[in-house]
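**Student:** my_file_4.cif (mmCIF, C-alpha atoms and all ligand atoms) pasted underneath:
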data_input
#
loop_
_atom_site.label_atom_id
_atom_site.label_comp_id
_atom_site.auth_asym_id
_atom_site.auth_seq_id
_atom_site.Cartn_x
_atom_site.Cartn_y
_atom_site.Cartn_z
CA MET A 1 136.29 80.21 92.06
CA ASN A 2 137.37 83.78 91.47
CA PRO A 3 138.24 85.01 94.99
CA LEU A 4 137.12 88.55 94.09
CA LEU A 5 133.51 87.29 94.05
CA SER A 6 133.65 87.00 97.83
CA LEU A 7 134.19 90.78 98.05
CA LEU A 8 130.75 91.54 96.58
CA GLN A 9 128.28 92.99 99.07
CA PRO A 10 124.65 91.83 99.34
CA TYR A 11 122.47 93.97 97.07
CA PRO A 12 120.33 96.57 98.96
CA PHE A 13 117.10 94.71 98.11
CA GLU A 14 118.51 91.52 99.60
CA ARG A 15 119.27 93.45 102.79
CA LEU A 16 115.76 94.87 102.73
CA ARG A 17 114.27 91.37 102.44
CA GLN A 18 116.25 90.36 105.51
CA LEU A 19 115.17 93.51 107.35
CA PHE A 20 111.51 92.63 106.72
CA ALA A 21 111.87 88.85 107.22
CA ASP A 22 110.15 88.71 110.62
CA ILE A 23 107.60 91.46 110.02
CA THR A 24 103.98 90.90 109.06
CA PRO A 25 102.77 94.20 107.61
CA ASN A 26 99.46 95.62 108.82
CA PRO A 27 96.80 93.75 106.75
CA ALA A 28 94.48 96.78 106.90
CA TYR A 29 96.60 98.36 104.13
CA THR A 30 97.35 97.16 100.62
CA PRO A 31 101.10 96.92 99.96
CA ILE A 32 102.77 99.90 98.25
CA SER A 33 106.43 99.77 97.30
CA LEU A 34 108.55 102.87 96.81
CA GLY A 35 111.59 100.63 97.08
CA LEU A 36 112.70 99.50 93.65
CA GLY A 37 113.57 102.15 91.03
CA GLU A 38 111.86 100.30 88.22
CA PRO A 39 109.91 102.40 85.69
CA LYS A 40 106.22 101.48 85.70
CA HIS A 41 104.64 103.90 83.22
CA ALA A 42 103.30 102.16 80.11
CA THR A 43 105.70 101.30 77.29
CA PRO A 44 104.85 103.47 74.24
CA ALA A 45 102.95 101.60 71.53
CA LEU A 46 105.34 102.74 68.80
CA ILE A 47 108.20 100.85 70.50
CA GLN A 48 106.15 97.69 70.93
CA GLN A 49 105.02 97.91 67.31
CA ALA A 50 108.57 98.35 66.01
CA MET A 51 109.59 95.23 67.89
CA VAL A 52 106.66 93.18 66.56
CA ASP A 53 107.37 94.39 63.02
CA ALA A 54 111.02 93.36 63.36
CA VAL A 55 110.04 89.86 64.49
CA ASN A 56 107.57 89.47 61.65
CA ARG A 57 109.54 90.91 58.77
CA SER A 58 111.28 88.57 56.36
CA PRO A 59 113.99 87.59 57.06
CA SER A 60 112.99 87.97 60.69
CA GLY A 61 115.01 90.17 63.03
CA LEU A 62 115.72 86.97 64.93
CA CYS A 63 117.54 85.31 62.04
CA GLY A 64 121.29 85.62 62.16
CA TYR A 65 123.66 86.82 64.84
CA PRO A 66 123.61 90.58 65.40
CA ALA A 67 126.87 92.53 65.18
CA THR A 68 128.26 93.94 68.43
CA LEU A 69 128.69 97.29 66.69
CA GLY A 70 124.95 97.44 65.93
CA GLU A 71 123.20 98.30 62.67
CA PRO A 72 124.08 101.63 60.98
CA ALA A 73 120.43 102.78 61.37
CA LEU A 74 120.63 102.36 65.13
CA ARG A 75 123.93 104.22 65.45
CA GLN A 76 122.55 106.98 63.22
CA ALA A 77 119.58 107.25 65.59
CA PHE A 78 121.98 107.65 68.57
CA ALA A 79 123.89 110.37 66.72
CA ALA A 80 120.71 112.20 65.68
CA TRP A 81 119.50 112.13 69.28
CA MET A 82 122.83 113.51 70.59
CA LEU A 83 122.54 116.32 68.07
CA ARG A 84 118.94 117.15 69.07
CA ARG A 85 119.46 116.78 72.80
CA TYR A 86 122.95 118.23 73.28
CA ALA A 87 123.74 119.96 69.95
CA LEU A 88 126.72 117.60 69.68
CA THR A 89 128.12 116.08 66.52
CA VAL A 90 129.23 112.57 67.40
CA ASN A 91 130.61 110.12 64.85
CA PRO A 92 128.29 107.08 64.83
CA ALA A 93 130.99 104.88 63.30
CA THR A 94 133.75 105.46 65.86
CA GLN A 95 132.35 107.19 68.93
CA MET A 96 129.23 105.15 69.82
CA LEU A 97 128.19 101.60 70.67
CA PRO A 98 124.91 99.95 71.59
CA ILE A 99 124.72 98.47 75.09
CA LEU A 100 122.24 96.16 76.78
CA GLY A 101 121.18 98.79 79.31
CA SER A 102 123.65 100.90 81.24
CA ARG A 103 124.04 98.38 84.07
CA GLU A 104 125.96 95.82 82.06
CA ALA A 105 127.93 98.55 80.31
CA LEU A 106 129.01 100.20 83.56
CA PHE A 107 130.28 96.82 84.66
CA ALA A 108 131.89 95.85 81.34
CA LEU A 109 133.49 99.27 80.82
CA THR A 110 135.19 98.95 84.20
CA GLN A 111 136.63 95.56 83.21
CA SER A 112 137.92 97.10 79.96
CA VAL A 113 139.47 100.18 81.57
CA ILE A 114 141.18 98.87 84.71
CA ASN A 115 144.81 97.85 84.40
CA ARG A 116 145.75 95.93 87.55
CA ASP A 117 149.42 95.95 86.59
CA ALA A 118 149.75 99.72 86.30
CA GLY A 119 150.76 101.91 89.22
CA VAL A 120 152.66 101.04 92.36
CA ALA A 121 153.30 97.32 92.99
CA GLY A 122 151.14 95.96 95.81
CA GLN A 123 148.65 98.82 95.54
CA LYS A 124 145.33 98.20 93.81
CA PRO A 125 144.14 100.76 91.29
CA LEU A 126 141.40 103.03 92.62
CA VAL A 127 137.92 103.61 91.23
CA VAL A 128 136.45 106.86 92.57
CA SER A 129 132.70 106.77 93.16
CA PRO A 130 130.10 109.09 94.63
CA ASN A 131 128.59 108.00 97.95
CA PRO A 132 125.65 107.13 97.98
CA PHE A 133 125.95 105.41 94.62
CA TYR A 134 124.48 102.94 92.15
CA GLN A 135 125.64 99.59 93.51
CA ILE A 136 127.12 98.33 90.25
CA TYR A 137 130.00 100.84 90.51
CA GLU A 138 131.36 99.06 93.55
CA GLY A 139 130.91 95.50 92.24
CA ALA A 140 132.45 96.40 88.90
CA ALA A 141 135.49 97.92 90.62
CA LEU A 142 135.97 94.95 92.95
CA LEU A 143 135.69 92.35 90.19
CA ALA A 144 138.17 94.29 88.07
CA GLY A 145 140.66 93.94 90.94
CA ALA A 146 140.43 97.62 91.86
CA GLU A 147 139.45 99.28 95.12
CA PRO A 148 136.56 101.74 95.36
CA TYR A 149 137.21 105.14 96.92
CA PHE A 150 133.97 106.78 98.03
CA VAL A 151 133.34 110.52 97.98
CA ALA A 152 130.44 111.64 100.19
CA SER A 153 127.71 113.77 98.73
CA ASP A 154 127.15 117.00 100.63
CA PRO A 155 123.53 117.91 101.47
CA ALA A 156 124.59 121.52 102.00
CA ARG A 157 125.66 121.78 98.33
CA ASN A 158 122.67 120.12 96.66
CA PHE A 159 124.27 116.72 97.33
CA ALA A 160 127.33 117.42 95.18
CA PRO A 161 130.10 114.92 95.98
CA ASP A 162 132.88 116.67 97.86
CA TRP A 163 135.54 116.19 95.15
CA ASP A 164 137.81 118.71 96.89
CA SER A 165 138.12 116.32 99.82
CA VAL A 166 139.87 113.71 97.65
CA PRO A 167 143.62 113.65 98.36
CA GLU A 168 146.01 114.14 95.46
CA ALA A 169 147.46 110.67 96.13
CA VAL A 170 144.02 109.14 95.51
CA TRP A 171 143.56 110.93 92.18
CA ALA A 172 147.07 109.76 91.24
CA ARG A 173 146.09 106.11 91.84
CA ALA A 174 142.63 106.46 90.24
CA GLN A 175 142.04 104.79 86.89
CA LEU A 176 138.30 105.37 86.70
CA LEU A 177 135.82 107.89 88.10
CA PHE A 178 132.07 107.33 88.11
CA VAL A 179 129.88 110.37 87.79
CA CYS A 180 126.12 109.98 88.17
CA SER A 181 124.23 113.04 86.96
CA PRO A 182 121.29 113.23 87.46
CA GLY A 183 122.17 111.31 90.58
CA ASN A 184 120.63 108.21 92.04
CA PRO A 185 119.43 108.63 94.77
CA THR A 186 119.90 112.39 95.18
CA GLY A 187 118.54 113.63 91.83
CA ALA A 188 121.29 116.25 91.72
CA VAL A 189 122.60 117.51 88.37
CA MET A 190 126.30 118.29 88.15
CA PRO A 191 127.04 121.86 87.02
CA LEU A 192 129.65 122.87 84.41
CA ALA A 193 132.16 124.12 87.01
CA GLU A 194 132.34 120.65 88.55
CA TRP A 195 132.78 119.05 85.15
CA GLN A 196 135.63 121.42 84.51
CA LYS A 197 137.31 120.43 87.76
CA LEU A 198 136.94 116.70 87.04
CA LEU A 199 138.05 116.93 83.43
CA GLU A 200 141.15 118.87 84.48
CA LEU A 201 141.91 116.23 87.11
CA SER A 202 141.47 113.54 84.45
CA ASP A 203 143.96 115.40 82.20
CA GLN A 204 146.41 115.61 85.07
CA HIS A 205 146.15 111.99 86.22
CA GLY A 206 144.92 110.11 83.16
CA PHE A 207 141.84 108.45 84.66
CA VAL A 208 138.73 107.67 82.62
CA ILE A 209 135.39 109.29 83.51
CA ALA A 210 132.30 107.11 83.14
CA SER A 211 129.30 109.43 83.11
CA ASP A 212 126.13 107.58 84.07
CA GLU A 213 123.27 109.60 82.56
CA CYS A 214 120.34 107.20 82.62
CA TYR A 215 118.00 109.73 84.33
CA SER A 216 118.83 112.58 81.93
CA GLU A 217 115.32 112.83 80.45
CA ILE A 218 113.32 113.01 83.68
CA TYR A 219 113.80 116.48 85.10
CA PHE A 220 111.86 119.15 86.98
CA ARG A 221 113.68 122.37 86.10
CA ASP A 222 113.24 124.24 82.79
CA GLU A 223 116.79 123.48 81.67
CA PRO A 224 117.44 119.85 80.69
CA PRO A 225 120.35 118.33 82.67
CA LEU A 226 123.83 119.03 81.35
CA GLY A 227 125.38 115.93 79.78
CA GLY A 228 129.01 114.96 80.34
CA MET A 229 129.92 115.21 76.66
CA GLU A 230 127.94 118.44 76.37
CA ALA A 231 130.01 119.84 79.25
CA ALA A 232 133.24 118.65 77.62
CA ALA A 233 132.29 120.32 74.32
CA LYS A 234 131.42 123.57 76.12
CA LEU A 235 134.91 123.45 77.61
CA GLY A 236 136.45 123.05 74.16
CA ARG A 237 137.16 119.31 74.46
CA SER A 238 135.53 118.01 71.31
CA ASP A 239 137.62 114.81 71.23
CA PHE A 240 135.96 113.71 74.54
CA LYS A 241 139.34 112.38 75.69
CA ASN A 242 138.99 109.89 78.54
CA LEU A 243 135.24 110.47 78.76
CA ILE A 244 132.49 107.93 78.14
CA SER A 245 128.81 108.72 78.67
CA LEU A 246 126.25 105.97 79.24
CA THR A 247 122.67 106.63 78.20
CA SER A 248 119.70 104.30 78.50
CA LEU A 249 116.17 103.86 77.19
CA SER A 250 114.98 102.19 80.42
CA LYS A 251 113.79 105.35 82.16
CA ARG A 252 113.45 107.64 79.15
CA SER A 253 111.10 105.35 77.27
CA ASN A 254 109.78 103.04 80.03
CA VAL A 255 111.43 99.92 78.64
CA PRO A 256 113.60 98.52 81.45
CA GLY A 257 112.76 95.05 80.18
CA MET A 258 114.18 95.75 76.74
CA ARG A 259 117.76 96.25 77.99
CA SER A 260 118.86 98.95 75.63
CA GLY A 261 121.10 102.00 75.70
CA PHE A 262 124.30 103.36 74.21
CA VAL A 263 127.74 104.58 75.14
CA ALA A 264 129.43 107.50 73.43
CA GLY A 265 132.70 109.34 73.83
CA ASP A 266 136.45 108.88 73.40
CA ALA A 267 136.95 106.89 70.17
CA ALA A 268 140.08 105.15 71.50
CA ILE A 269 138.17 103.77 74.49
CA ILE A 270 135.15 102.88 72.33
CA GLN A 271 137.43 100.85 70.06
CA GLN A 272 138.83 98.81 72.95
CA PHE A 273 135.38 98.49 74.51
CA LEU A 274 134.06 97.05 71.24
CA ARG A 275 136.86 94.51 71.36
CA TYR A 276 135.93 93.54 74.91
CA ARG A 277 132.23 93.32 74.06
CA THR A 278 132.85 91.12 71.03
CA TYR A 279 134.43 88.49 73.28
CA HIS A 280 132.01 89.03 76.15
CA GLY A 281 129.07 88.50 73.77
CA SER A 282 127.09 91.68 74.38
CA ALA A 283 125.56 92.20 70.94
CA MET A 284 122.04 93.63 70.91
CA SER A 285 119.31 91.49 69.30
CA GLY A 286 118.20 92.79 65.90
CA VAL A 287 114.64 92.99 67.20
CA VAL A 288 115.70 95.16 70.13
CA GLN A 289 117.80 97.27 67.76
CA ALA A 290 114.74 97.97 65.61
CA ALA A 291 112.62 98.92 68.64
CA SER A 292 115.49 101.04 70.00
CA THR A 293 115.88 102.90 66.69
CA ALA A 294 112.17 103.78 66.88
CA ALA A 295 112.49 104.87 70.52
CA TRP A 296 115.52 107.14 70.00
CA SER A 297 113.86 108.69 66.95
CA ASP A 298 110.72 109.79 68.81
CA GLU A 299 110.62 112.53 71.41
CA ALA A 300 106.85 112.93 71.90
CA HIS A 301 106.57 109.94 74.24
CA VAL A 302 109.50 111.26 76.29
CA VAL A 303 107.83 114.65 76.75
CA GLU A 304 104.66 112.88 77.86
CA ASN A 305 106.56 110.62 80.26
CA ARG A 306 108.38 113.58 81.81
CA SER A 307 105.09 115.39 82.24
CA LEU A 308 103.65 112.39 84.14
CA TYR A 309 106.60 112.51 86.55
CA ARG A 310 106.30 116.28 86.94
CA THR A 311 102.62 116.05 87.87
CA LYS A 312 103.31 113.21 90.26
CA PHE A 313 106.24 114.92 92.02
CA ALA A 314 104.31 118.20 92.25
CA GLN A 315 101.52 116.42 94.12
CA VAL A 316 103.50 114.01 96.29
CA THR A 317 106.49 116.11 97.41
CA PRO A 318 104.51 118.75 99.38
CA VAL A 319 102.64 116.05 101.36
CA LEU A 320 105.93 114.44 102.40
CA ALA A 321 107.56 117.82 103.04
CA GLU A 322 104.99 118.43 105.80
CA VAL A 323 106.70 115.79 107.92
CA LEU A 324 110.12 115.07 106.40
CA ASN A 325 113.05 117.17 105.30
CA VAL A 326 112.61 116.63 101.57
CA ALA A 327 112.49 118.81 98.45
CA LEU A 328 111.85 118.47 94.75
CA PRO A 329 115.14 117.24 93.19
CA ASP A 330 116.69 118.61 89.98
CA ALA A 331 115.88 115.40 88.14
CA GLY A 332 115.40 111.62 88.36
CA PHE A 333 112.48 109.79 89.96
CA TYR A 334 113.56 109.55 93.59
CA LEU A 335 112.98 111.54 96.73
CA TRP A 336 115.97 111.45 99.08
CA ALA A 337 114.49 112.40 102.43
CA ASP A 338 116.01 113.15 105.79
CA VAL A 339 113.91 111.31 108.41
CA GLY A 340 115.62 113.03 111.34
CA GLY A 341 116.82 109.82 112.99
CA ASP A 342 117.32 106.09 112.55
CA GLU A 343 116.39 105.29 108.94
CA ILE A 344 116.42 101.52 109.53
CA ALA A 345 113.88 101.70 112.39
CA PHE A 346 111.82 104.16 110.30
CA THR A 347 111.76 101.73 107.34
CA GLN A 348 110.82 98.76 109.51
CA GLU A 349 108.08 100.54 111.46
CA LEU A 350 106.59 102.12 108.35
CA TYR A 351 106.39 98.71 106.69
CA ALA A 352 104.94 97.04 109.80
CA ASN A 353 102.28 99.70 110.46
CA TYR A 354 101.39 101.06 107.02
CA ASN A 355 102.62 98.42 104.54
CA VAL A 356 104.74 100.94 102.64
CA THR A 357 108.24 99.94 101.50
CA VAL A 358 111.04 102.50 101.28
CA LEU A 359 114.79 101.92 101.08
CA PRO A 360 117.10 102.87 103.99
CA GLY A 361 119.63 105.37 102.65
CA SER A 362 122.50 103.67 104.43
CA TYR A 363 121.99 100.59 102.21
CA LEU A 364 122.85 102.73 99.17
CA ALA A 365 126.04 104.13 100.64
CA ARG A 366 129.16 102.83 102.38
CA GLU A 367 130.80 104.01 105.51
CA ALA A 368 133.98 105.78 104.43
CA ARG A 369 136.32 107.63 106.77
CA GLY A 370 133.86 107.11 109.62
CA HIS A 371 130.76 108.41 107.85
CA ASN A 372 127.87 106.81 105.95
CA PRO A 373 126.21 109.67 104.02
CA GLY A 374 123.02 107.62 103.60
CA LYS A 375 122.44 107.46 107.34
CA GLY A 376 119.29 109.19 108.54
CA ARG A 377 117.84 109.18 105.02
CA ILE A 378 115.44 107.08 102.98
CA ARG A 379 115.01 106.76 99.23
CA MET A 380 111.52 106.76 97.77
CA ALA A 381 111.09 105.79 94.11
CA LEU A 382 107.98 107.49 92.72
CA VAL A 383 107.53 105.03 89.88
CA ALA A 384 103.97 103.83 90.50
CA GLU A 385 100.95 105.81 89.28
CA THR A 386 100.30 109.17 90.96
CA ALA A 387 97.31 107.94 93.00
CA GLU A 388 99.33 105.12 94.52
CA CYS A 389 102.31 107.39 95.28
CA LEU A 390 99.95 109.93 96.87
CA GLU A 391 98.36 107.21 98.99
CA ALA A 392 101.85 106.19 100.14
CA ALA A 393 102.69 109.82 100.94
CA HIS A 394 99.52 110.20 103.05
CA ARG A 395 100.35 107.01 104.95
CA ILE A 396 103.91 108.23 105.56
CA ARG A 397 102.54 111.56 106.83
CA ASP A 398 100.20 109.76 109.25
CA PHE A 399 103.01 107.48 110.33
CA VAL A 400 105.41 110.32 111.15
CA GLN A 401 102.72 112.39 112.89
CA ARG A 402 101.64 109.46 115.09
CA ARG A 403 105.20 108.43 115.81
CA ALA A 404 105.99 111.91 117.08
CA VAL A 405 103.19 111.83 119.69
C1 LIG A 501 122.22 105.33 88.46
C2 LIG A 501 121.81 104.17 87.63
N1 LIG A 501 122.61 103.81 86.62
C3 LIG A 501 122.31 102.77 85.82
C4 LIG A 501 121.14 102.04 86.01
C5 LIG A 501 120.88 100.87 85.10
O1 LIG A 501 119.83 101.08 84.27
P1 LIG A 501 119.65 100.29 82.91
O2 LIG A 501 120.60 99.12 82.96
O3 LIG A 501 118.25 99.86 82.88
O4 LIG A 501 120.03 101.23 81.83
C6 LIG A 501 120.28 102.38 87.05
C7 LIG A 501 119.05 101.60 87.28
O5 LIG A 501 118.28 101.78 88.15
C8 LIG A 501 120.63 103.48 87.88
O6 LIG A 501 119.84 103.86 88.89
#
Could you render the structure from this file as structure tokens?
**Tutor:**
Amino acid sequence: MNPLLSLLQPYPFERLRQLFADITPNPAYTPISLGLGEPKHATPALIQQAMVDAVNRSPSGLCGYPATLGEPALRQAFAAWMLRRYALTVNPATQMLPILGSREALFALTQSVINRDAGVAGQKPLVVSPNPFYQIYEGAALLAGAEPYFVASDPARNFAPDWDSVPEAVWARAQLLFVCSPGNPTGAVMPLAEWQKLLELSDQHGFVIASDECYSEIYFRDEPPLGGMEAAAKLGRSDFKNLISLTSLSKRSNVPGMRSGFVAGDAAIIQQFLRYRTYHGSAMSGVVQAASTAAWSDEAHVVENRSLYRTKFAQVTPVLAEVLNVALPDAGFYLWADVGGDEIAFTQELYANYNVTVLPGSYLAREARGHNPGKGRIRMALVAETAECLEAAHRIRDFVQRRAV
């Protein structure tokens, strides 16, 4: 077997299962999970209908193998969306590809980008990642034969990763940098000045930037989050050199089960990524392409979805803020709360006494240079309906108040 497989860490939800293995939650309460970040709002009817129509049309969308490049109509829909959302002109023929959700693409892009034979002999290439981070970044780096280098997010600067702390020698060995904006779990949006810093570092050292933007449409400020390619264009970099953005329908359109998104950016990387994907076998089903074209072409359901999250966060955050150090994030659908102590004990006791599941922050981060930036924090995914999230918030408030006595 591939020895690199043994480097993979247990997924946070596996660790959570183990944490809860010997606990019987209080039967007086119905279970509520704020653990998994899985969208639960209803899938818009227009997307379902487009999928049904594609199955039923003749010849059916299930006849024939789909092309990895995707149908022209789908790529046009990506390009039209980029123009509407970011005022960017992106070439649908050379600068975009469909992906089966951003998870697989984050993984596959890493395999395409990393060159184990480049750099100093005996030293693995580095993949720079925020900390805490989406777990795929680490697994993708390890399986590509690279080594992750974690950069802690700083609560004092709206959870911005402390890029200035990264030594020059690390940037020199880096082949890939993951950026997650809006961030999971912090919800932080990266400002233009930070993009400028990272793009300049990429110019200097030649690493690729993978910009994970799957939460870009769920935001709480007036301004929509700045996209990576939007930032590059503002800085006069219209070729998007060494930059790939990953965008997904999962959260935007409540279709995590459809597995659909797209990558856009540097045409040279897109070309090689297409080559990789052709062999890997990551072509999107024609039926999913039809439903995705409909989803990217409609904005009304996205506005409605965002408004549901805004109402929910406006009601739930103040209840939790009475007892925890937590604030409305820039974007995303998580609250990243400071519990003022041991987050593992907090998670266990909350589950045992109130049947509410949250995720210990330390499970989403790694200890690097003596510090795990997820320690003392929990992540709460507000994906269920508002009433259920509010009920969870009231239970958490009771729990913290009683625990303090
Ligand atoms: C930061 C981040 N990136 C990527 C993904 C993957 O999403 P999908 O594969 O559904 O696009 C997730 C899913 O939760 C995520 O939190």
**Student:** Excluding region 159-166 of chain A and any residue of its chain fewer than 5 positions from it, enumerate the residues within 8 Å of it, using all atoms listed in the file, and give them as a PyMOL selection string.
**Tutor:** chain A and resi 130-131+151-154+171+186+188+190
**Student:** Out of A:Ala290, A:Leu274, A:Leu88, A:Ile136, which residue has the shortest atom-to-atom distance to Ala232 (chain A) when counting all atoms listed in the file?
**Tutor:** A:Leu88
**Student:** Ligand LIG 501 (chain A): which residues are within 7 Å, counting all atoms listed in the file, as a PDB file with C-alpha atoms, keeping the file's coordinate frame?
**Tutor:**
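Final output, saved to out-v7.pdb:
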ATOM      1  CA  GLY A  37     113.570 102.150  91.030  1.00  0.00           C
ATOM      2  CA  GLU A  38     111.860 100.300  88.220  1.00  0.00           C
ATOM      3  CA  GLY A 101     121.180  98.790  79.310  1.00  0.00           C
ATOM      4  CA  SER A 102     123.650 100.900  81.240  1.00  0.00           C
ATOM      5  CA  ARG A 103     124.040  98.380  84.070  1.00  0.00           C
ATOM      6  CA  GLU A 104     125.960  95.820  82.060  1.00  0.00           C
ATOM      7  CA  TYR A 134     124.480 102.940  92.150  1.00  0.00           C
ATOM      8  CA  CYS A 180     126.120 109.980  88.170  1.00  0.00           C
ATOM      9  CA  GLY A 183     122.170 111.310  90.580  1.00  0.00           C
ATOM     10  CA  ASN A 184     120.630 108.210  92.040  1.00  0.00           C
ATOM     11  CA  ASP A 212     126.130 107.580  84.070  1.00  0.00           C
ATOM     12  CA  CYS A 214     120.340 107.200  82.620  1.00  0.00           C
ATOM     13  CA  SER A 248     119.700 104.300  78.500  1.00  0.00           C
ATOM     14  CA  LEU A 249     116.170 103.860  77.190  1.00  0.00           C
ATOM     15  CA  SER A 250     114.980 102.190  80.420  1.00  0.00           C
ATOM     16  CA  PRO A 256     113.600  98.520  81.450  1.00  0.00           C
ATOM     17  CA  ARG A 259     117.760  96.250  77.990  1.00  0.00           C
ATOM     18  CA  SER A 260     118.860  98.950  75.630  1.00  0.00           C
ATOM     19  CA  GLY A 261     121.100 102.000  75.700  1.00  0.00           C
TER      20      GLY A 261
END
**Student:** Which residue is closest to Tyr11 (chain A)? Choose from A:Ser58, A:Asn254, A:Asn325, A:Gln135 and count all atoms listed in the file.
**Tutor:**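 Counting all atoms listed in the file, the residue closest to Tyr11 (chain A) is A:Gln135.
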**Student:** Which one is closest to Gly265 (chain A): A:Leu335, A:Leu320, A:Leu97, A:Val358? Count only C-alpha atoms.
**Tutor:**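 Smallest separation from Gly265 (chain A) among the options: A:Leu97.
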**Student:** Do you know which residues are at most 7 Å from region 337-353 of chain A counting only C-alpha atoms, after dropping those on the same chain fewer than 2 positions away, and could you put them as a list in words?
**Tutor:**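 My list of contacting residues is Phe20, Ile23, Thr24, Pro25, Asn26, Leu324, Asn325, Val326, Leu335, Asn355, Val356, Thr357, Val358, Leu359, Pro360, Lys375, Gly376, Arg377, Ile378, Arg379 and Phe399 of chain A.
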**Student:** Measuring atom to atom with all atoms listed in the file, identify which of A:Tyr354, A:Val127, A:Ala393, A:Ala231 is nearest to Ala28 (chain A).
**Tutor:**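 Closest to Ala28 (chain A), using all atoms listed in the file: A:Tyr354.
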